[in-house]
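**Q** I have a structure I would like to understand better, so I am pasting it below and will then ask my questions one at a time.
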Amino acid sequence: QVQLVESGGGSVQAGGSLRLSCAASGGTHSTYWMGWFRQVPGKEREGVAAITPRVGATRYADSVRGRFTISRDNAKNILDLQMNSLTPEDTAMYYCAAMANGGDWFARALSPGDYDYWGQGTQVTVSS
């Protein structure tokens, strides 16, 4: 079973950047399909970006494509999310997650219900 710990959240002004990291332990990080999700109070958790374990294929939500970049370092068991051109609408709790079985990945990549393990989250606040 893999444990996930996010870091890098904080407060930033609109137009700024943040880089989130997720450290994985207790499992073989390189075999998991990984994703970043976010949630604001009163709303459902939504997929932001996802990445496959070996090839590193990616998928992004339309709202962040071109601004956010997901990456992973399998040797260090790290998943990153570089967030640029942030807007107040990006304010949320951000979570990293791991999926053990990546079958039909492209269709499932941004679906929270298809992920098996979750971190505790890191808050991102963007002010106007």
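Every chain in the structure tokens takes a letter, A first, then B, and so on in the order presented; its residues are numbered from 1, and the ligands are numbered from 1 following the presented order.
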Determine which residues of chain A receive a DSSP assignment of strand (DSSP E), computed from the backbone, and state them as a PyMOL selection string.

**A** chain A and resi 3-7+10-13+18-25+33-39+46-51+58-60+68-73+78-83+92-99+117-118+122-127

**Q** Would you mind listing, for every residue of segment 18-50 of chain A within 8 Å of segment 67-87 of chain A, the two atoms forming the shortest contact and the distance between them in Å to one decimal, using only C-alpha atoms, sorted by chain and ascending residue number, as a Markdown table?

**A**
| residue | atom | partner | partner_atom | distance |
| --- | --- | --- | --- | --- |
| A:Leu18 | CA | A:Met83 | CA | 5.2 |
| A:Arg19 | CA | A:Gln82 | CA | 4.4 |
| A:Leu20 | CA | A:Leu81 | CA | 5.0 |
| A:Ser21 | CA | A:Asp80 | CA | 4.4 |
| A:Cys22 | CA | A:Leu79 | CA | 4.9 |
| A:Ala23 | CA | A:Ile78 | CA | 4.9 |
| A:Ala24 | CA | A:Asn77 | CA | 5.4 |
| A:Ser25 | CA | A:Asn77 | CA | 7.3 |
| A:His29 | CA | A:Asn77 | CA | 5.6 |
| A:Ser30 | CA | A:Asn74 | CA | 5.1 |
| A:Met34 | CA | A:Leu79 | CA | 7.7 |
| A:Trp36 | CA | A:Leu81 | CA | 7.6 |
| A:Ala49 | CA | A:Ile70 | CA | 6.4 |
| A:Ala50 | CA | A:Ile70 | CA | 6.9 |

**Q** Got time to write the residues from that selection, C-alpha atoms, as a CSV table (one decimal), in the first residue's frame?

**A**
chain,number,residue,atom,x,y,z
A,18,LEU,CA,3.4,27.4,-7.5
A,19,ARG,CA,4.9,23.9,-7.7
A,20,LEU,CA,3.3,21.1,-5.8
A,21,SER,CA,5.1,17.9,-4.9
A,22,CYS,CA,3.8,14.5,-3.8
A,23,ALA,CA,6.2,12.1,-2.1
A,24,ALA,CA,5.2,8.4,-2.3
A,25,SER,CA,6.3,5.7,0.1
A,29,HIS,CA,5.7,4.3,-7.1
A,30,SER,CA,6.8,3.6,-10.7
A,34,MET,CA,-0.8,9.1,-10.7
A,36,TRP,CA,-3.6,15.5,-9.2
A,49,ALA,CA,-3.9,16.3,-14.4
A,50,ALA,CA,-2.8,12.6,-14.6

**Q** Between A:Gly47, A:Gly16, A:Gly10, A:Gly102, which residue has the minimum interatomic distance to Tyr32 of chain A, considering only C-alpha atoms?

**A**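 Checking each candidate against Tyr32 of chain A, we get A:Gly102 as the closest.
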
**Q** Between A:Pro53, A:Thr28, A:Ala97, A:Glu44, single out the one closest to Trp118 of chain A, counting only C-alpha atoms.

**A**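 Result for the nearest residue to Trp118 of chain A: A:Ala97.
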
**Q** Smallest atom-to-atom distance to Thr122 of chain A: which of A:Val12, A:Phe37, A:Trp105, A:Arg54, using only C-alpha atoms?

**A**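 Closest to Thr122 of chain A of all the choices is A:Phe37.
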
**Q** Give me every alpha helix (DSSP H) residue in chain A, going by DSSP on the backbone, as a list of chain:residue names.

**A**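 The alpha helix (DSSP H) subset of chain A is A:Trp105, A:Phe106, A:Ala107, A:Arg108.
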
**Q** Env of Gln123 of chain A: 9 Å cut, atoms = only C-alpha atoms, seq-sep filter 4 positions within chain, self excluded. Answer as a PyMOL selection string.

**A** chain A and resi 7-11+91-95

**Q** For each of A:Thr58, A:Asn101, A:Ser128, A:Gln120, take the minimum atom-to-atom distance to Gln3 of chain A, counting only C-alpha atoms, then give the residue where this is smallest.

**A** A:Gln120
